[in-house]
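The file protein.cif contains mmCIF, C-alpha atoms:
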data_work
#
loop_
_atom_site.label_atom_id
_atom_site.label_comp_id
_atom_site.auth_asym_id
_atom_site.auth_seq_id
_atom_site.Cartn_x
_atom_site.Cartn_y
_atom_site.Cartn_z
CA MET A 1 41.86 -45.30 32.07
CA LYS A 2 45.46 -45.97 32.95
CA PRO A 3 47.78 -46.34 29.96
CA ALA A 4 49.48 -49.60 29.25
CA VAL A 5 52.74 -49.69 31.20
CA LYS A 6 55.95 -51.02 29.73
CA ILE A 7 58.27 -52.44 32.36
CA PRO A 8 61.73 -53.47 31.11
CA GLY A 9 62.12 -57.23 31.15
CA HIS A 10 58.41 -57.80 31.68
CA LYS A 11 55.48 -58.34 29.37
CA LEU A 12 53.31 -55.40 28.48
CA LEU A 13 50.99 -54.94 31.46
CA ARG A 14 47.56 -53.66 30.57
CA THR A 15 45.84 -52.30 33.63
CA SER A 16 42.22 -51.31 34.16
CA ASP A 17 40.92 -49.09 36.93
CA TYR A 18 37.77 -51.07 37.63
CA ALA A 19 35.88 -54.18 36.58
CA CYS A 20 34.38 -54.26 33.08
CA GLN A 21 36.13 -51.06 32.00
CA TYR A 22 36.34 -50.61 28.22
CA MET A 23 39.84 -51.38 26.93
CA THR A 24 41.02 -50.05 23.58
CA HIS A 25 42.64 -52.87 21.66
CA ASP A 26 42.91 -54.31 18.19
CA SER A 27 41.45 -57.76 18.69
CA PRO A 28 39.04 -60.01 16.75
CA VAL A 29 36.44 -59.59 19.50
CA HIS A 30 36.71 -55.79 19.31
CA HIS A 31 36.02 -55.99 15.57
CA LEU A 32 32.81 -57.98 16.06
CA GLY A 33 29.53 -56.06 15.91
CA ALA A 34 27.66 -55.38 19.15
CA GLY A 35 24.84 -57.69 17.99
CA TRP A 36 27.26 -60.62 17.50
CA LYS A 37 28.79 -60.02 20.90
CA ILE A 38 25.37 -59.97 22.56
CA GLY A 39 24.54 -63.22 20.74
CA ILE A 40 27.78 -64.92 21.90
CA CYS A 41 27.23 -63.55 25.42
CA THR A 42 23.71 -65.01 25.55
CA LEU A 43 24.84 -68.39 24.19
CA LEU A 44 27.81 -68.77 26.58
CA SER A 45 25.73 -67.63 29.57
CA ALA A 46 22.96 -70.09 28.68
CA LEU A 47 25.52 -72.90 28.40
CA ALA A 48 26.98 -71.90 31.77
CA VAL A 49 23.72 -72.62 33.58
CA GLY A 50 23.19 -75.87 31.67
CA VAL A 51 26.47 -77.76 32.23
CA ARG A 52 26.54 -80.52 34.83
CA THR A 53 29.42 -82.98 34.24
CA PRO A 54 33.07 -82.11 34.95
CA TRP A 55 34.01 -82.54 31.25
CA GLU A 56 31.27 -80.18 30.08
CA LEU A 57 32.36 -77.67 32.67
CA PHE A 58 36.02 -78.01 31.71
CA ALA A 59 35.17 -77.50 28.01
CA LEU A 60 33.06 -74.44 28.77
CA VAL A 61 35.79 -72.93 30.97
CA ALA A 62 38.23 -73.40 28.08
CA VAL A 63 35.87 -71.84 25.50
CA THR A 64 35.02 -68.89 27.76
CA LEU A 65 38.69 -68.22 28.55
CA ILE A 66 39.62 -68.44 24.84
CA TYR A 67 36.87 -65.88 24.12
CA TYR A 68 38.08 -63.66 26.97
CA PHE A 69 41.75 -63.74 26.01
CA ALA A 70 40.91 -63.42 22.29
CA ALA A 71 39.85 -59.90 23.27
CA ARG A 72 43.51 -59.42 24.33
CA LEU A 73 42.51 -58.92 27.93
CA THR A 74 44.98 -60.00 30.60
CA PRO A 75 44.70 -62.28 33.64
CA PHE A 76 44.77 -59.06 35.68
CA ASP A 77 41.63 -57.87 33.89
CA LEU A 78 40.03 -61.26 34.50
CA TRP A 79 40.80 -60.96 38.21
CA ARG A 80 39.27 -57.47 38.26
CA ASP A 81 36.12 -58.74 36.53
CA THR A 82 35.63 -61.84 38.64
CA ARG A 83 37.01 -60.73 42.01
CA PHE A 84 33.54 -60.14 43.45
CA PHE A 85 32.38 -63.62 42.39
CA VAL A 86 35.50 -65.27 43.78
CA PHE A 87 34.61 -63.97 47.24
CA GLN A 88 31.06 -65.27 46.70
CA ALA A 89 32.47 -68.63 45.57
CA VAL A 90 34.37 -69.00 48.85
CA ILE A 91 31.08 -68.49 50.77
CA VAL A 92 29.22 -71.00 48.55
CA ILE A 93 31.94 -73.68 48.83
CA CYS A 94 32.08 -73.21 52.62
CA LEU A 95 28.28 -73.55 52.86
CA TYR A 96 28.37 -76.76 50.75
CA CYS A 97 31.13 -78.22 52.92
CA ILE A 98 29.22 -77.39 56.11
CA HIS A 99 26.02 -78.80 54.66
CA SER A 100 27.29 -82.03 53.03
CA GLY A 101 30.72 -82.57 54.54
CA LEU A 102 34.07 -81.80 52.93
CA ALA A 103 34.21 -84.90 50.68
CA LYS A 104 30.68 -84.62 49.31
CA GLY A 105 30.36 -80.85 49.32
CA ILE A 106 33.55 -79.70 47.64
CA TRP A 107 32.70 -80.67 44.03
CA PRO A 108 29.10 -79.31 43.93
CA GLY A 109 30.40 -76.13 45.61
CA ILE A 110 33.16 -75.63 43.06
CA ARG A 111 30.88 -76.55 40.14
CA THR A 112 28.13 -74.08 40.98
CA SER A 113 30.63 -71.33 41.84
CA VAL A 114 32.41 -71.79 38.52
CA GLN A 115 29.07 -71.85 36.69
CA VAL A 116 28.04 -68.54 38.27
CA ILE A 117 31.41 -66.99 37.32
CA LEU A 118 31.12 -68.37 33.77
CA PHE A 119 27.63 -66.89 33.49
CA TYR A 120 28.96 -63.36 33.98
CA ILE A 121 32.29 -63.46 32.08
CA PRO A 122 30.77 -63.07 28.56
CA GLY A 123 28.95 -59.92 29.79
CA ALA A 124 32.27 -58.56 31.03
CA VAL A 125 33.80 -59.19 27.58
CA LEU A 126 30.89 -57.30 25.98
CA LEU A 127 31.47 -54.30 28.23
CA ARG A 128 35.25 -54.40 27.87
CA THR A 129 35.22 -54.59 24.07
CA THR A 130 32.29 -52.35 23.11
CA ARG A 131 32.69 -48.58 23.01
CA THR A 132 30.31 -46.44 25.04
CA GLY A 133 29.47 -44.59 21.82
CA ASP A 134 28.43 -47.84 20.10
CA MET A 135 26.30 -48.79 23.06
CA MET A 136 24.74 -45.31 23.11
CA ARG A 137 23.90 -45.59 19.40
CA GLY A 138 22.28 -48.93 20.12
CA LEU A 139 20.49 -47.47 23.13
CA ARG A 140 18.94 -44.70 21.02
CA ARG A 141 17.25 -47.36 18.88
CA VAL A 142 15.50 -49.07 21.78
CA VAL A 143 15.06 -46.39 24.46
CA PRO A 144 12.74 -43.38 23.94
CA TYR A 145 14.71 -40.18 23.40
CA ARG A 146 13.30 -38.57 26.55
CA VAL A 147 14.68 -41.38 28.73
CA SER A 148 18.01 -41.42 26.88
CA PHE A 149 18.20 -37.62 27.36
CA LEU A 150 17.90 -38.14 31.12
CA VAL A 151 20.53 -40.90 31.01
CA PHE A 152 22.98 -38.66 29.16
CA VAL A 153 22.22 -35.71 31.49
CA SER A 154 22.94 -38.03 34.40
CA ILE A 155 26.29 -39.09 32.91
CA ARG A 156 27.18 -35.55 31.75
CA PHE A 157 26.78 -34.17 35.26
CA VAL A 158 29.02 -36.72 36.98
CA PRO A 159 32.15 -34.44 36.81
CA PHE A 160 30.06 -31.40 37.78
CA PHE A 161 28.73 -32.99 40.95
CA LEU A 162 32.13 -34.48 41.73
CA ARG A 163 33.49 -30.91 41.80
CA GLU A 164 30.52 -29.71 43.85
CA LEU A 165 31.01 -32.58 46.27
CA ASP A 166 34.65 -31.68 46.67
CA GLU A 167 33.86 -28.00 47.29
CA ILE A 168 31.10 -28.74 49.80
CA MET A 169 33.33 -31.22 51.60
CA THR A 170 36.21 -28.77 51.88
CA ALA A 171 33.93 -25.97 53.13
CA GLN A 172 32.24 -28.21 55.68
CA GLN A 173 35.54 -29.62 56.91
CA LEU A 174 36.71 -26.05 57.52
CA ARG A 175 33.57 -25.60 59.62
CA GLY A 176 34.56 -28.66 61.65
CA ALA A 177 32.42 -31.36 60.07
CA ARG A 178 33.85 -34.84 60.51
CA LEU A 179 33.96 -35.99 56.89
CA LEU A 180 37.40 -37.56 56.51
CA PRO A 181 37.21 -41.20 55.35
CA ARG A 182 38.63 -42.52 58.63
CA GLN A 183 36.19 -40.34 60.62
CA LEU A 184 33.28 -41.74 58.58
CA LEU A 185 34.18 -45.27 59.67
CA ASP A 186 32.69 -44.28 63.03
CA PRO A 187 28.85 -44.44 62.75
CA ARG A 188 28.57 -41.56 65.25
CA ASN A 189 29.87 -39.25 62.49
CA TRP A 190 27.32 -40.35 59.90
CA GLY A 191 25.05 -37.49 60.96
CA ASP A 192 27.67 -35.09 59.60
CA LEU A 193 27.73 -37.01 56.34
CA PHE A 194 23.99 -36.60 55.84
CA HIS A 195 23.47 -33.08 57.17
CA CYS A 196 26.74 -31.38 56.16
CA LEU A 197 27.40 -33.09 52.85
CA LEU A 198 24.34 -34.77 51.36
CA LEU A 199 21.80 -32.08 52.31
CA PRO A 200 23.76 -29.22 50.62
CA LEU A 201 24.33 -31.54 47.68
CA MET A 202 20.60 -32.12 47.32
CA VAL A 203 19.96 -28.37 47.51
CA ARG A 204 22.48 -27.91 44.70
CA ALA A 205 20.81 -30.71 42.71
CA VAL A 206 17.37 -29.09 43.04
CA LYS A 207 18.72 -25.70 41.94
CA THR A 208 20.71 -27.17 39.04
CA ALA A 209 17.70 -29.21 37.86
CA GLU A 210 15.70 -25.99 37.81
CA GLU A 211 18.35 -24.14 35.78
CA VAL A 212 18.90 -26.98 33.30
CA SER A 213 15.17 -27.53 32.74
CA LEU A 214 14.56 -23.79 32.23
CA SER A 215 17.40 -23.70 29.76
CA ALA A 216 16.06 -26.71 27.85
CA GLU A 217 12.46 -25.50 27.91
CA ALA A 218 13.55 -22.09 26.63
CA ARG A 219 14.81 -23.98 23.55
CA GLU A 220 11.44 -25.78 23.32
CA PHE A 221 13.04 -29.10 24.18
CA GLY A 222 10.44 -31.79 24.78
CA THR A 223 7.56 -29.96 23.15
CA ARG A 224 7.31 -32.46 20.27
CA GLU A 225 6.93 -36.21 20.21
CA GLN A 226 10.02 -36.65 18.03
CA ARG A 227 13.49 -35.50 18.99
CA THR A 228 14.28 -32.08 17.51
CA TYR A 229 17.72 -30.65 16.75
CA PHE A 230 19.07 -27.11 16.69
CA GLU A 231 18.99 -25.81 13.10
CA GLY A 232 22.62 -24.73 13.12
CA VAL A 233 23.69 -28.30 13.92
CA THR A 234 21.53 -30.08 11.37
CA MET B 1 9.40 -30.57 43.64
CA MET B 2 8.32 -26.94 43.33
CA GLN B 3 6.43 -26.39 40.11
CA THR B 4 6.44 -23.36 37.85
CA ASN B 5 5.82 -25.18 34.58
CA ASP B 6 3.37 -28.09 34.71
CA ARG B 7 3.99 -29.39 31.18
CA THR B 8 4.73 -33.07 31.52
CA PHE B 9 7.85 -34.43 29.88
CA LEU B 10 7.91 -38.14 30.62
CA TRP B 11 5.30 -40.87 31.06
CA ARG B 12 2.56 -38.17 31.36
CA ARG B 13 3.71 -37.81 34.93
CA PHE B 14 7.06 -36.09 35.36
CA THR B 15 7.97 -32.56 34.31
CA LEU B 16 11.36 -31.95 32.73
CA ARG B 17 12.62 -30.49 36.01
CA GLU B 18 11.55 -33.56 37.96
CA GLY B 19 13.07 -35.83 35.34
CA ILE B 20 16.40 -34.01 35.50
CA PHE B 21 16.36 -34.04 39.30
CA LEU B 22 15.74 -37.80 39.26
CA GLY B 23 18.59 -38.09 36.77
CA PHE B 24 20.79 -36.32 39.31
CA CYS B 25 19.76 -38.80 41.99
CA ALA B 26 20.99 -41.47 39.57
CA THR B 27 24.24 -39.49 39.18
CA PHE B 28 24.74 -39.58 42.96
CA ILE B 29 24.22 -43.34 43.05
CA ILE B 30 26.82 -43.73 40.27
CA LEU B 31 29.23 -41.44 42.16
CA ALA B 32 28.72 -43.37 45.38
CA ARG B 33 29.26 -46.70 43.63
CA ALA B 34 32.38 -45.42 41.88
CA GLY B 35 33.71 -43.95 45.15
CA LEU B 36 32.95 -46.99 47.27
CA ARG B 37 34.45 -49.46 44.84
CA LEU B 38 37.77 -47.72 45.33
CA HIS B 39 37.78 -47.57 49.11
CA LEU B 40 35.66 -50.21 50.83
CA HIS B 41 35.36 -53.93 50.33
CA LEU B 42 32.54 -54.67 52.73
CA PRO B 43 29.78 -56.85 51.25
CA GLY B 44 26.48 -55.03 50.82
CA HIS B 45 27.77 -51.56 51.67
CA VAL B 46 26.79 -50.28 48.24
CA MET B 47 23.12 -50.47 49.26
CA PHE B 48 23.78 -47.75 51.86
CA PHE B 49 23.73 -44.95 49.28
CA THR B 50 21.68 -46.72 46.63
CA MET B 51 18.61 -47.06 48.86
CA PHE B 52 19.19 -43.62 50.39
CA PHE B 53 18.89 -41.96 46.98
CA PHE B 54 15.96 -44.14 45.87
CA LEU B 55 14.04 -43.11 48.98
CA LEU B 56 15.11 -39.49 48.67
CA ALA B 57 13.94 -39.45 45.03
CA ARG B 58 10.55 -40.73 46.18
CA GLY B 59 10.50 -38.11 48.97
CA CYS B 60 11.39 -35.18 46.70
CA VAL B 61 9.19 -36.26 43.77
CA PRO B 62 6.21 -37.92 45.46
CA LYS B 63 4.80 -39.59 42.36
CA ILE B 64 4.53 -43.24 41.47
CA GLY B 65 7.44 -44.20 39.23
CA SER B 66 10.00 -41.72 40.57
CA ALA B 67 12.22 -44.35 42.20
CA THR B 68 11.73 -46.68 39.24
CA LEU B 69 12.87 -43.93 36.86
CA VAL B 70 16.00 -43.43 39.00
CA GLY B 71 16.57 -47.20 38.91
CA LEU B 72 16.17 -47.27 35.13
CA ILE B 73 18.58 -44.36 34.63
CA VAL B 74 21.18 -45.89 36.99
CA SER B 75 20.92 -49.25 35.22
CA LEU B 76 21.37 -47.73 31.78
CA ALA B 77 24.14 -45.37 32.90
CA SER B 78 25.98 -48.17 34.76
CA PHE B 79 25.73 -50.36 31.70
CA LEU B 80 27.06 -47.60 29.45
CA LEU B 81 29.87 -46.69 31.84
CA GLY B 82 30.90 -50.32 32.19
CA MET B 83 30.12 -50.38 35.89
CA GLY B 84 27.74 -53.30 35.71
CA THR B 85 29.94 -56.18 36.78
CA LYS B 86 26.95 -58.47 36.33
CA GLY B 87 26.18 -57.45 32.75
CA PRO B 88 22.51 -57.13 31.83
CA ALA B 89 21.55 -58.40 35.31
CA VAL B 90 22.31 -54.85 36.47
CA PHE B 91 18.79 -53.90 35.36
CA VAL B 92 17.20 -56.34 37.80
CA LYS B 93 19.63 -55.27 40.50
CA PHE B 94 18.48 -51.64 40.41
CA LEU B 95 14.92 -51.87 39.11
CA LEU B 96 13.71 -54.45 41.62
CA PRO B 97 14.35 -52.40 44.80
CA ALA B 98 13.27 -49.19 43.06
CA MET B 99 9.93 -50.71 42.08
CA LEU B 100 9.42 -51.89 45.64
CA VAL B 101 9.99 -48.34 46.90
CA ASP B 102 7.34 -47.11 44.45
CA MET B 103 5.00 -49.89 45.48
CA ALA B 104 5.40 -48.85 49.12
CA GLY B 105 4.69 -45.27 48.05
CA TYR B 106 1.49 -46.40 46.34
CA ILE B 107 0.27 -48.24 49.43
CA PHE B 108 1.44 -45.67 51.99
CA PRO B 109 2.19 -42.36 50.22
CA ALA B 110 3.54 -40.57 53.30
CA PHE B 111 6.04 -43.26 54.31
CA VAL B 112 9.03 -40.99 53.59
CA ASN B 113 8.00 -38.82 56.53
CA SER B 114 8.37 -41.65 59.02
CA MET B 115 11.78 -42.93 60.07
CA ILE B 116 10.48 -46.40 60.95
CA ALA B 117 8.52 -46.77 57.70
CA CYS B 118 11.48 -45.51 55.71
CA ALA B 119 13.88 -47.92 57.40
CA LEU B 120 11.44 -50.78 56.89
CA VAL B 121 10.88 -50.04 53.20
CA GLY B 122 14.62 -49.52 52.65
CA ALA B 123 15.54 -52.76 54.41
CA VAL B 124 12.89 -54.86 52.66
CA SER B 125 13.68 -53.43 49.21
CA ALA B 126 17.40 -53.99 49.70
CA ALA B 127 16.81 -57.52 50.96
CA VAL B 128 14.71 -58.32 47.90
CA ARG B 129 17.57 -57.07 45.75
CA ALA B 130 19.59 -60.01 47.12
CA LEU B 131 17.17 -62.30 45.28
CA SER B 132 18.46 -61.08 41.92
CA ASP B 133 21.31 -63.63 41.97
CA THR B 134 19.13 -66.43 43.22
CA LEU B 135 17.62 -67.33 39.85
CA ILE B 136 21.08 -67.78 38.27
CA GLU B 137 22.19 -69.93 41.20
CA TRP B 138 19.02 -72.00 41.03
CA LEU B 139 19.41 -72.54 37.28
CA SER B 140 23.05 -73.55 37.89
CA GLY B 141 21.77 -76.43 39.99
CA MET B 142 22.75 -75.12 43.40
CA GLU B 143 20.97 -76.84 46.28
CA GLY B 144 17.91 -75.04 47.61
CA GLU B 145 19.16 -75.02 51.18
CA ILE B 146 22.50 -73.47 50.19
CA ILE B 147 20.73 -70.83 48.07
CA LEU B 148 18.50 -70.03 51.03
CA GLN B 149 21.42 -69.72 53.49
CA LYS B 150 23.44 -67.55 51.11
CA THR B 151 20.44 -65.35 50.31
CA ILE B 152 19.73 -64.86 54.02
CA VAL B 153 23.32 -63.74 54.68
CA THR B 154 23.38 -61.36 51.69
CA ALA B 155 19.87 -60.04 52.28
CA GLY B 156 20.67 -59.43 55.95
CA LEU B 157 23.73 -57.35 55.10
CA PHE B 158 21.88 -55.39 52.41
CA ALA B 159 18.96 -54.74 54.76
CA CYS B 160 21.25 -53.50 57.57
CA TYR B 161 23.02 -50.94 55.39
CA ALA B 162 19.86 -49.81 53.61
CA GLY B 163 17.91 -49.52 56.86
CA LEU B 164 20.62 -47.37 58.44
CA SER B 165 20.78 -44.94 55.54
CA ALA B 166 16.98 -44.80 55.24
CA LEU B 167 16.76 -43.39 58.77
CA ALA B 168 18.23 -40.09 57.51
CA VAL B 169 15.75 -39.64 54.65
CA PRO B 170 12.74 -38.14 56.54
CA SER B 171 14.79 -35.38 58.17
CA ILE B 172 16.41 -34.39 54.86
CA VAL B 173 13.04 -34.36 53.06
CA ARG B 174 11.56 -32.26 55.89
CA ARG B 175 14.42 -29.76 55.71
CA LEU B 176 14.17 -29.44 51.93
CA ALA B 177 10.39 -28.92 52.22
CA ARG B 178 10.76 -26.40 55.06
CA ASN B 179 13.06 -24.31 52.85
CA GLY B 180 10.60 -24.41 49.98
CA LEU B 181 12.86 -26.46 47.71
CA ILE B 182 10.35 -29.29 47.32
CA ASP B 183 6.59 -29.60 47.83
CA SER B 184 5.52 -30.49 51.34
CA GLY B 185 4.01 -33.94 51.72
CA ALA B 186 0.44 -32.58 51.89
CA ASP B 187 -0.21 -32.69 48.16
CA GLU B 188 1.36 -35.99 47.33
CA LYS B 189 0.23 -37.50 44.08
CA ARG B 190 -0.17 -41.11 43.22
#

Would you give me this structure, written as structure tokens?
Amino acid sequence: MKPAVKIPGHKLLRTSDYACQYMTHDSPVHHLGAGWKIGICTLLSALAVGVRTPWELFALVAVTLIYYFAARLTPFDLWRDTRFFVFQAVIVICLYCIHSGLAKGIWPGIRTSVQVILFYIPGAVLLRTTRTGDMMRGLRRVVPYRVSFLVFVSIRFVPFFLRELDEIMTAQQLRGARLLPRQLLDPRNWGDLFHCLLLPLMVRAVKTAEEVSLSAEAREFGTREQRTYFEGVT
Amino acid sequence: MMQTNDRTFLWRRFTLREGIFLGFCATFIILARAGLRLHLHLPGHVMFFTMFFFLLARGCVPKIGSATLVGLIVSLASFLLGMGTKGPAVFVKFLLPAMLVDMAGYIFPAFVNSMIACALVGAVSAAVRALSDTLIEWLSGMEGEIILQKTIVTAGLFACYAGLSALAVPSIVRRLARNGLIDSGADEKR
């Protein structure tokens, strides 16, 4: 996550790297429990699909934006979170205008597009204001430990495979494989992507899965119905 | 995958090794999504790698539920990592195509060995994934004809990308099997 940047003469700019990224902040929404946030998210999303008149829509836009900015998120964050839906909204409004004419199609197009965006904003607030750790604790209550183990293994190995990917790519590029981003824009080079990059990566994945499972099984992981912990830790 | 220890770990079906390998397939989907969101802005391109790894998971672990398990892990991991721009709808987004891949595997277990079958399953599963937004749009009161037109455009793009990537799956599965890294398709299990 990029740190907040202070530019002289400007407001504090809080930047996020991608949509729905968790932002550390001291806001009323951050202090709410995950259960409350899920409840508010469900209520606002349900209202978003139910509104029909312009006044209802206007009121819901206001409430949703107050909730969003109460989390001390910035318009930049809002753009990041809704950018995908804005592109979709353009398509929907164009289709309405083609279908019903500009005069009749513009309002229903805008209304439904805004409703779809409003449906997803509360979910973005939940993700932006709830720590991964809190979500993981919640996850452990509802997901069996064997599945959550696989989820955490999957997340834990992201940096490992990123390094592997980088090494394989460098080695294959030295062998002449066409794997540069601009080379991959040409579909004729996609064969190199699959056979020089993804195939070695899968071989590495198979081998690593074997090593990790052997290591876990040697510690008798998964032999009991309930999750067990190493004695030294407990 | 090659077996040395047959003790099942999950759902009385997958060994720990298979489970971890499927978790790694989920890791690759997350990596691809994270990488693509930084570089490309083409609609539907994300299905290129998503369907590729769903199909590859089914090819390497030829058991019913393998793609669904990958879908479940990706959904949960995306949600935890804050990558699900659509909130809880991310579960439908990943589980729906994954379940279709498994369904295809149930009907035609050897489909991962055929390029045409793979492309077909990949394209259909990806196209069905486009339906995940349709319910929200319908509930929002969008006109049926508009929903249909939009779904056709989105589904078409998803299907194109997924179909293209699916073409590479049979050759990769064959090469992994030839080198003894996974079981050959002869003893596929339902």

Output as a PyMOL selection string the set of chain B residues within 8 Å of chain A, with distances taken over only C-alpha atoms. chain B and resi 9-10+16-21+23-24+26-28+31+73-74+76-77+79-88+136-137+139-142+146+149-150+168+172+176+181

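Atom CA of Gly65 of chain B to atom CA of Thr134 of chain B spans 25.4 Å [interatomic distance, one decimal].
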
Between atom CA of Gly33 of chain A and atom CA of Lys93 of chain B, measure the distance and give it in Å to one decimal. 26.5 Å

When you count all atoms listed in the file, which of these residues is closest to Ser171 of chain B: B:Ser75, B:Thr68, B:Ser114, B:Thr50?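 Going through B:Ser75, B:Thr68, B:Ser114, B:Thr50 one by one, the smallest distance to Ser171 of chain B is for B:Ser114.
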
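Of note, atom CA of Gly156 of chain B and atom CA of Leu135 of chain B are spaced 18.2 Å apart.
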
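The shell of residues at most 10 Å from Asn189 of chain A, with all atoms listed in the file counted and near chain neighbours (fewer than 4 positions) removed, consists of Ala177, Arg178, Leu179, Leu180, Gln183, Leu184, Leu185, Leu193 and Phe194 of chain A.
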
Padding of 8 Å on every side, edges along x, y and z, all listed atoms of segment 162-169 of chain B included: what centre and edge lengths in Å, to one decimal, does that box have, as AutoDock Vina command-line options?
--center_x 18.3 --center_y -44.7 --center_z 56.2 --size_x 21.0 --size_y 26.2 --size_z 21.2

Given all atoms listed in the file as the counted atoms, nearest of B:Ile152, B:Ala159, B:Val173, B:Ile29 to Met115 of chain B: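 Looking at the shortest contact to Met115 of chain B, the residue is B:Val173.
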
Would you pick out the contacts of Leu73 of chain A at 9 Å or less, using only C-alpha atoms, so that residues sharing its chain but fewer than 3 positions from it are not included, and give the list as JSON, numbers by chain? {"A": [14, 23, 25, 68, 69, 70, 76, 77, 78, 125, 128]}

Quick one: of B:Val128, B:Ala162, B:Val90, B:Ala57, who's nearest to Asp102 of chain B, counting only C-alpha atoms?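 Residue with the minimum atom-to-atom distance to Asp102 of chain B: B:Ala57.
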
Need the neighbours of (10.1, -51.1, 56.1): which residues are at most 12 Å away, counting all atoms listed in the file, as a PDB file with C-alpha atoms, in the frame of the given file?
ATOM      1  CA  MET B  51      18.610 -47.060  48.860  1.00  0.00           C
ATOM      2  CA  LEU B  55      14.040 -43.110  48.980  1.00  0.00           C
ATOM      3  CA  LEU B 100       9.420 -51.890  45.640  1.00  0.00           C
ATOM      4  CA  VAL B 101       9.990 -48.340  46.900  1.00  0.00           C
ATOM      5  CA  MET B 103       5.000 -49.890  45.480  1.00  0.00           C
ATOM      6  CA  ALA B 104       5.400 -48.850  49.120  1.00  0.00           C
ATOM      7  CA  GLY B 105       4.690 -45.270  48.050  1.00  0.00           C
ATOM      8  CA  PHE B 108       1.440 -45.670  51.990  1.00  0.00           C
ATOM      9  CA  PHE B 111       6.040 -43.260  54.310  1.00  0.00           C
ATOM     10  CA  VAL B 112       9.030 -40.990  53.590  1.00  0.00           C
ATOM     11  CA  SER B 114       8.370 -41.650  59.020  1.00  0.00           C
ATOM     12  CA  MET B 115      11.780 -42.930  60.070  1.00  0.00           C
ATOM     13  CA  ILE B 116      10.480 -46.400  60.950  1.00  0.00           C
ATOM     14  CA  ALA B 117       8.520 -46.770  57.700  1.00  0.00           C
ATOM     15  CA  CYS B 118      11.480 -45.510  55.710  1.00  0.00           C
ATOM     16  CA  ALA B 119      13.880 -47.920  57.400  1.00  0.00           C
ATOM     17  CA  LEU B 120      11.440 -50.780  56.890  1.00  0.00           C
ATOM     18  CA  VAL B 121      10.880 -50.040  53.200  1.00  0.00           C
ATOM     19  CA  GLY B 122      14.620 -49.520  52.650  1.00  0.00           C
ATOM     20  CA  ALA B 123      15.540 -52.760  54.410  1.00  0.00           C
ATOM     21  CA  VAL B 124      12.890 -54.860  52.660  1.00  0.00           C
ATOM     22  CA  SER B 125      13.680 -53.430  49.210  1.00  0.00           C
ATOM     23  CA  ALA B 126      17.400 -53.990  49.700  1.00  0.00           C
ATOM     24  CA  ALA B 127      16.810 -57.520  50.960  1.00  0.00           C
ATOM     25  CA  VAL B 128      14.710 -58.320  47.900  1.00  0.00           C
ATOM     26  CA  ALA B 159      18.960 -54.740  54.760  1.00  0.00           C
ATOM     27  CA  CYS B 160      21.250 -53.500  57.570  1.00  0.00           C
ATOM     28  CA  ALA B 162      19.860 -49.810  53.610  1.00  0.00           C
ATOM     29  CA  GLY B 163      17.910 -49.520  56.860  1.00  0.00           C
ATOM     30  CA  LEU B 164      20.620 -47.370  58.440  1.00  0.00           C
ATOM     31  CA  ALA B 166      16.980 -44.800  55.240  1.00  0.00           C
ATOM     32  CA  LEU B 167      16.760 -43.390  58.770  1.00  0.00           C
TER      33      LEU B 167
END
